[in-house]
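data_9.pdb (PDB, C-alpha atoms, pLDDT in the B column) appears below.
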```pdb
ATOM      1  CA  MET A 292     -13.797  -2.868 -20.821  1.00 74.00           C
ATOM      2  CA  LYS A 293     -10.581  -0.932 -20.675  1.00 84.00           C
ATOM      3  CA  GLU A 294      -7.109  -1.817 -19.553  1.00 93.00           C
ATOM      4  CA  LEU A 295      -5.631   0.149 -16.678  1.00 93.00           C
ATOM      5  CA  ILE A 296      -2.543   2.114 -17.613  1.00 93.00           C
ATOM      6  CA  TRP A 297       0.032   2.831 -14.947  1.00 90.00           C
ATOM      7  CA  ASP A 298       1.075   6.472 -15.036  1.00 92.00           C
ATOM      8  CA  GLN A 299       2.098   9.160 -12.580  1.00 92.00           C
ATOM      9  CA  SER A 300      -1.522   9.899 -11.707  1.00 93.00           C
ATOM     10  CA  LEU A 301      -1.558   6.562  -9.825  1.00 94.00           C
ATOM     11  CA  SER A 302       1.680   7.266  -7.972  1.00 96.00           C
ATOM     12  CA  VAL A 303       1.444   7.866  -4.229  1.00 96.00           C
ATOM     13  CA  GLN A 304       5.078   9.068  -4.262  1.00 94.00           C
ATOM     14  CA  VAL A 305       6.327   6.144  -2.144  1.00 96.00           C
ATOM     15  CA  LYS A 306       8.423   3.815  -4.307  1.00 96.00           C
ATOM     16  CA  GLU A 307       7.644   0.537  -2.544  1.00 96.00           C
ATOM     17  CA  ILE A 308       3.896   1.189  -2.503  1.00 96.00           C
ATOM     18  CA  ASP A 309       3.955   2.280  -6.141  1.00 97.00           C
ATOM     19  CA  GLU A 310       5.713  -0.997  -7.014  1.00 97.00           C
ATOM     20  CA  ASP A 311       2.934  -2.941  -5.265  1.00 97.00           C
ATOM     21  CA  HIS A 312       0.293  -0.922  -7.107  1.00 96.00           C
ATOM     22  CA  ARG A 313       2.005  -1.553 -10.459  1.00 97.00           C
ATOM     23  CA  ARG A 314       1.816  -5.299  -9.789  1.00 96.00           C
ATOM     24  CA  LEU A 315      -1.875  -5.050  -8.867  1.00 96.00           C
ATOM     25  CA  VAL A 316      -2.561  -3.124 -12.086  1.00 96.00           C
ATOM     26  CA  GLU A 317      -0.718  -5.831 -14.062  1.00 97.00           C
ATOM     27  CA  LEU A 318      -2.801  -8.560 -12.426  1.00 96.00           C
ATOM     28  CA  PHE A 319      -6.019  -6.639 -13.045  1.00 95.00           C
ATOM     29  CA  ASN A 320      -5.077  -6.322 -16.731  1.00 97.00           C
ATOM     30  CA  LEU A 321      -4.284 -10.043 -16.979  1.00 97.00           C
ATOM     31  CA  LEU A 322      -7.704 -10.784 -15.497  1.00 95.00           C
ATOM     32  CA  LEU A 323      -9.397  -8.345 -17.859  1.00 95.00           C
ATOM     33  CA  HIS A 324      -7.725  -9.916 -20.908  1.00 95.00           C
ATOM     34  CA  ALA A 325      -8.523 -13.436 -19.728  1.00 95.00           C
ATOM     35  CA  VAL A 326     -12.220 -12.534 -19.478  1.00 93.00           C
ATOM     36  CA  GLU A 327     -12.220 -10.722 -22.836  1.00 93.00           C
ATOM     37  CA  GLU A 328     -10.422 -13.585 -24.574  1.00 94.00           C
ATOM     38  CA  GLY A 329     -12.725 -16.224 -23.140  1.00 92.00           C
ATOM     39  CA  ASP A 330     -10.076 -18.111 -21.181  1.00 94.00           C
ATOM     40  CA  THR A 331     -11.242 -20.971 -18.993  1.00 92.00           C
ATOM     41  CA  THR A 332     -13.054 -20.277 -15.754  1.00 90.00           C
ATOM     42  CA  GLU A 333     -10.264 -22.168 -13.953  1.00 91.00           C
ATOM     43  CA  TYR A 334      -7.658 -19.744 -15.322  1.00 95.00           C
ATOM     44  CA  VAL A 335      -9.814 -16.719 -14.467  1.00 93.00           C
ATOM     45  CA  GLU A 336     -10.355 -18.147 -10.982  1.00 92.00           C
ATOM     46  CA  ALA A 337      -6.582 -18.530 -10.550  1.00 95.00           C
ATOM     47  CA  LEU A 338      -5.981 -14.930 -11.661  1.00 94.00           C
ATOM     48  CA  LEU A 339      -8.677 -13.624  -9.345  1.00 93.00           C
ATOM     49  CA  GLU A 340      -7.161 -15.573  -6.451  1.00 95.00           C
ATOM     50  CA  GLU A 341      -3.710 -14.159  -7.240  1.00 96.00           C
ATOM     51  CA  LEU A 342      -5.111 -10.621  -7.426  1.00 95.00           C
ATOM     52  CA  LEU A 343      -6.797 -11.032  -4.040  1.00 94.00           C
ATOM     53  CA  SER A 344      -3.742 -12.662  -2.455  1.00 96.00           C
ATOM     54  CA  CYS A 345      -1.443  -9.927  -3.712  1.00 96.00           C
ATOM     55  CA  THR A 346      -3.907  -7.273  -2.595  1.00 95.00           C
ATOM     56  CA  ASN A 347      -4.089  -8.792   0.870  1.00 96.00           C
ATOM     57  CA  TRP A 348      -0.274  -8.867   1.088  1.00 97.00           C
ATOM     58  CA  HIS A 349      -0.116  -5.288  -0.175  1.00 97.00           C
ATOM     59  CA  PHE A 350      -2.630  -4.111   2.420  1.00 97.00           C
ATOM     60  CA  LYS A 351      -0.519  -5.709   5.165  1.00 97.00           C
ATOM     61  CA  HIS A 352       2.520  -3.937   3.699  1.00 97.00           C
ATOM     62  CA  GLU A 353       0.751  -0.567   3.852  1.00 97.00           C
ATOM     63  CA  GLU A 354      -0.497  -1.266   7.377  1.00 97.00           C
ATOM     64  CA  ARG A 355       3.028  -2.084   8.535  1.00 97.00           C
ATOM     65  CA  LEU A 356       4.300   1.223   7.128  1.00 97.00           C
ATOM     66  CA  MET A 357       1.413   3.115   8.727  1.00 97.00           C
ATOM     67  CA  LEU A 358       2.309   1.577  12.102  1.00 97.00           C
ATOM     68  CA  LYS A 359       6.022   2.234  11.749  1.00 97.00           C
ATOM     69  CA  TYR A 360       5.505   5.884  10.846  1.00 97.00           C
ATOM     70  CA  SER A 361       2.512   6.550  13.160  1.00 97.00           C
ATOM     71  CA  TYR A 362       0.030   7.485  10.450  1.00 97.00           C
ATOM     72  CA  ALA A 363      -2.875   9.267  12.173  1.00 97.00           C
ATOM     73  CA  HIS A 364      -5.544   7.838   9.856  1.00 97.00           C
ATOM     74  CA  ALA A 365      -4.321   4.234  10.038  1.00 97.00           C
ATOM     75  CA  ASP A 366      -7.468   2.861  11.697  1.00 97.00           C
ATOM     76  CA  ALA A 367      -9.803   4.271   9.046  1.00 96.00           C
ATOM     77  CA  HIS A 368      -7.451   3.113   6.304  1.00 96.00           C
ATOM     78  CA  LYS A 369      -7.367  -0.413   7.755  1.00 96.00           C
ATOM     79  CA  ARG A 370     -11.171  -0.461   7.954  1.00 96.00           C
ATOM     80  CA  GLU A 371     -11.298   0.437   4.267  1.00 94.00           C
ATOM     81  CA  HIS A 372      -8.861  -2.412   3.551  1.00 95.00           C
ATOM     82  CA  ARG A 373     -11.100  -4.892   5.380  1.00 95.00           C
ATOM     83  CA  SER A 374     -14.179  -3.675   3.552  1.00 93.00           C
ATOM     84  CA  LEU A 375     -12.464  -3.906   0.165  1.00 91.00           C
ATOM     85  CA  ILE A 376     -11.206  -7.433   0.812  1.00 93.00           C
ATOM     86  CA  GLU A 377     -14.640  -8.563   2.031  1.00 94.00           C
ATOM     87  CA  SER A 378     -16.384  -7.189  -1.068  1.00 91.00           C
ATOM     88  CA  ALA A 379     -13.809  -8.719  -3.422  1.00 90.00           C
ATOM     89  CA  LYS A 380     -14.028 -12.087  -1.664  1.00 92.00           C
ATOM     90  CA  ALA A 381     -17.817 -11.958  -1.986  1.00 91.00           C
ATOM     91  CA  LEU A 382     -17.423 -11.384  -5.728  1.00 88.00           C
ATOM     92  CA  GLN A 383     -14.939 -14.281  -5.867  1.00 89.00           C
ATOM     93  CA  GLN A 384     -17.332 -16.633  -4.056  1.00 90.00           C
ATOM     94  CA  LYS A 385     -20.192 -15.604  -6.350  1.00 88.00           C
ATOM     95  CA  PHE A 386     -18.000 -16.332  -9.373  1.00 86.00           C
ATOM     96  CA  ILE A 387     -16.891 -19.735  -8.057  1.00 86.00           C
ATOM     97  CA  ALA A 388     -20.407 -20.766  -7.013  1.00 89.00           C
ATOM     98  CA  GLY A 389     -22.015 -19.514 -10.224  1.00 81.00           C
ATOM     99  CA  GLY A 390     -19.924 -21.512 -12.665  1.00 75.00           C
ATOM    100  CA  ARG A 391     -19.973 -18.627 -15.128  1.00 78.00           C
ATOM    101  CA  MET A 392     -17.556 -16.023 -16.414  1.00 80.00           C
ATOM    102  CA  ILE A 393     -17.033 -12.725 -14.606  1.00 87.00           C
ATOM    103  CA  SER A 394     -19.281 -10.053 -16.068  1.00 87.00           C
ATOM    104  CA  ALA A 395     -18.287  -6.647 -17.429  1.00 86.00           C
ATOM    105  CA  GLU A 396     -19.989  -5.095 -14.394  1.00 89.00           C
ATOM    106  CA  GLU A 397     -17.852  -7.181 -12.051  1.00 88.00           C
ATOM    107  CA  ILE A 398     -14.670  -6.188 -13.908  1.00 90.00           C
ATOM    108  CA  GLU A 399     -15.782  -2.560 -13.612  1.00 91.00           C
ATOM    109  CA  PHE A 400     -16.337  -3.105  -9.890  1.00 89.00           C
ATOM    110  CA  LEU A 401     -12.782  -4.465  -9.513  1.00 88.00           C
ATOM    111  CA  GLU A 402     -11.352  -1.533 -11.467  1.00 92.00           C
ATOM    112  CA  GLN A 403     -13.194   0.958  -9.255  1.00 91.00           C
ATOM    113  CA  TRP A 404     -12.197  -1.042  -6.188  1.00 88.00           C
ATOM    114  CA  LEU A 405      -8.514  -0.776  -7.121  1.00 90.00           C
ATOM    115  CA  THR A 406      -8.304   2.740  -8.502  1.00 92.00           C
ATOM    116  CA  GLY A 407     -10.751   4.220  -6.005  1.00 92.00           C
ATOM    117  CA  HIS A 408      -8.605   3.080  -3.108  1.00 93.00           C
ATOM    118  CA  ILE A 409      -5.392   4.350  -4.722  1.00 94.00           C
ATOM    119  CA  PHE A 410      -6.889   7.748  -5.628  1.00 94.00           C
ATOM    120  CA  GLY A 411      -8.568   8.052  -2.241  1.00 94.00           C
ATOM    121  CA  ALA A 412      -7.050   6.713   0.951  1.00 94.00           C
ATOM    122  CA  ASP A 413      -3.659   5.797  -0.512  1.00 97.00           C
ATOM    123  CA  MET A 414      -2.928   9.295  -1.814  1.00 96.00           C
ATOM    124  CA  GLY A 415      -3.350  10.751   1.670  1.00 95.00           C
ATOM    125  CA  MET A 416      -1.236   8.032   3.240  1.00 97.00           C
ATOM    126  CA  GLY A 417       1.414   8.375   0.521  1.00 96.00           C
ATOM    127  CA  GLY A 418       1.658  12.122   1.067  1.00 95.00           C
ATOM    128  CA  TYR A 419       2.249  11.573   4.756  1.00 96.00           C
ATOM    129  CA  LEU A 420       4.729   8.718   4.291  1.00 96.00           C
ATOM    130  CA  GLY A 421       6.607  10.679   1.652  1.00 93.00           C
ATOM    131  CA  GLU A 422       7.282  13.364   4.256  1.00 95.00           C
ATOM    132  CA  VAL A 423       8.349  11.100   7.124  1.00 96.00           C
ATOM    133  CA  MET A 424      10.222   8.245   5.467  1.00 93.00           C
TER     134      MET A 424
END
```

As structure tokens, please, write out the structure in this file.
Amino acid sequence: MKELIWDQSLSVQVKEIDEDHRRLVELFNLLLHAVEEGDTTEYVEALLEELLSCTNWHFKHEERLMLKYSYAHADAHKREHRSLIESAKALQQKFIAGGRMISAEEIEFLEQWLTGHIFGADMGMGGYLGEVM
């Protein structure tokens, strides 16, 4: 499993969104290291909860900006947010119910979940917001 490295390729060119994304990358890396180092399931559960809570807050932040600046693709972007949160919560519930450590495949899923959204929908939104803010 590999650590995520924040660099300009992850930037959406909107400072406040980039700051949120940096924090999400930091939390992902903390979770990754906790799993690799064999930390307790309680600690991993707490990190996963923090990652999901921060992601939920971040999505609300993006949605507020999309509303304020009349982003044309806001509805599709919000649907993607809902889908991402639902899939991550399902993983969280599976982890809690299973009483076992998160697998490498589940870490990979979370990495793709985070970076896929940034490289996809967020880049388009960031380009638009960068022009109108």

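Atom pair CA of Leu401 in chain A / CA of Met414 in chain A has a distance of 18.6 Å (rounded to one decimal).
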
Long-range neighbours of Glu354 in chain A as a list in words, 9 Å cut-off, only C-alpha atoms, 3 positions minimum in chain: His349, Phe350, Lys351, Met357, Leu358, Lys359, Ala365, His368 and Lys369 of chain A

C-alpha atoms of the current selection, written as a PDB file, in the frame of the given file:
```pdb
ATOM      1  CA  HIS A 349      -0.116  -5.288  -0.175  1.00 97.00           C
ATOM      2  CA  PHE A 350      -2.630  -4.111   2.420  1.00 97.00           C
ATOM      3  CA  LYS A 351      -0.519  -5.709   5.165  1.00 97.00           C
ATOM      4  CA  MET A 357       1.413   3.115   8.727  1.00 97.00           C
ATOM      5  CA  LEU A 358       2.309   1.577  12.102  1.00 97.00           C
ATOM      6  CA  LYS A 359       6.022   2.234  11.749  1.00 97.00           C
ATOM      7  CA  ALA A 365      -4.321   4.234  10.038  1.00 97.00           C
ATOM      8  CA  HIS A 368      -7.451   3.113   6.304  1.00 96.00           C
ATOM      9  CA  LYS A 369      -7.367  -0.413   7.755  1.00 96.00           C
TER      10      LYS A 369
END
```

Result set, the PyMOL selection byres ((chain A and resi 315-326) around 7) on current file, as a PyMOL selection string: chain A and resi 294-295+311-314+327-330+335+338-339+342+346+393+398

One-decimal distance in Å that lies between CA of Ala412 in chain A and CA of Arg355 in chain A: 15.4 Å

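Compared by their closest atoms to Cys345 in chain A, and using all atoms listed in the file, the residues A:Asp366, A:Ile376, A:Gln304, A:Tyr360 rank with A:Ile376 nearest.
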
Interatomic distance (Å, one decimal) between CA of Trp404 in chain A and CA of Leu375 in chain A: 7.0 Å
